[in-house]
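> I have a structure I would like to understand better, so I am pasting it below and will then ask my questions one at a time.
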Amino acid sequence: MPKDEKDLQSPTNRAIRSNASDLRFPRANHLKGRTAIRQTIVKGVRYRGKWLGVSAIKGETSRFGISISRKFGKAVRRNRVKRIIREFLRNNKALWPVNRWIMIRLFSDPADETVITEELRALLSKVK
């Protein structure tokens, strides 16, 4: 076995890889499918902030979708903001409304990225 493969099999690396799954936003909590997303946007109760909006309907579990328009910026910027939102959701599971499907939509690009998480925290507290 080459040295690199031995390193991958070490107990330390296995522990790091097993902890990586804890750091991900769970797939079970992704709002997927065109009909589910459309239903959440059209029939959901809407809450609007300065930078983003949240639509929510009752569902069997808590699921989140993130939508950012191309007008927001280039793909690198849009993906960074989506990562920030997913990280916020992953680290703040206590704020998740119970049994809600939630669609998060960004309308404009704030200068400071911390504003996004502050506003999302405020909007999620309004969802019942």
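How things are named: the first chain in the structure tokens is A, the next is B, and so on; residues count from 1 in each chain; ligands count from 1 in the order shown.
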Excluding A:Ile66 and any residue of its chain fewer than 4 positions from it, enumerate the residues within 10 Å of it, using only C-alpha atoms, and give them as a ChimeraX atom specification.
/A:30-31,37,54,81-83,85-86,102-106
> Taking the backbone alone, and naming residues the way the document does, which bits of chain A are strand (DSSP E) by DSSP, as a PyMOL selection string?
chain A and resi 45-48+52-58+63-68+100-106
> If I take atom CA of A:Ile84 and atom CA of A:Ile116, how far is one from the other in Å, to one decimal?
8.4 Å
> List as an MDAnalysis selection string the protein and nucleic acid residues near A:Gly59, meaning an atom at most 8 Å away when only C-alpha atoms are counted, but skip any in the same chain fewer than 2 places from it.
chainID A and resid 57 61:62 99:101
> Between A:Ala56, A:Ile68, A:Asn79, A:Ala111, which residue has the minimum interatomic distance to A:Pro97, considering only C-alpha atoms?
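Closest to A:Pro97, using only C-alpha atoms: A:Ala56.
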> From the set A:Leu52, A:Val98, A:Val76, A:Val42, which residue has the shortest atom-to-atom contact distance to A:Ala122, counting only C-alpha atoms?
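Smallest distance to A:Ala122 is found for A:Leu52.
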> Atom CA of A:Val127 and atom CA of A:Gly53 are how many Å apart?
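It comes out at 11.4 Å.
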> Enter the distance from atom CA of A:Arg80 to atom CA of A:Asp112, in Å, rounded to one decimal.
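Answer for the atom CA of A:Arg80 to atom CA of A:Asp112 separation: 12.6 Å.
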> Pick from A:Arg78, A:Lys126, A:Lys32, A:Arg27: nearest to A:Arg46, with only C-alpha atoms counted?
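Selected residue with least distance to A:Arg46: A:Lys126.
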> Name the residues of chain A that fall into helix (DSSP H, G or I) according to DSSP on the backbone, using the chain letters and numbers of this document, as a PyMOL selection string.
chain A and resi 3-8+11-23+27-29+34-43+70-72+75-91+93-95+114-126
> Which of these, A:Lys74, A:Lys128, A:Lys43, A:Asn29, has the shortest distance to A:Glu60 once you count only C-alpha atoms?
A:Asn29
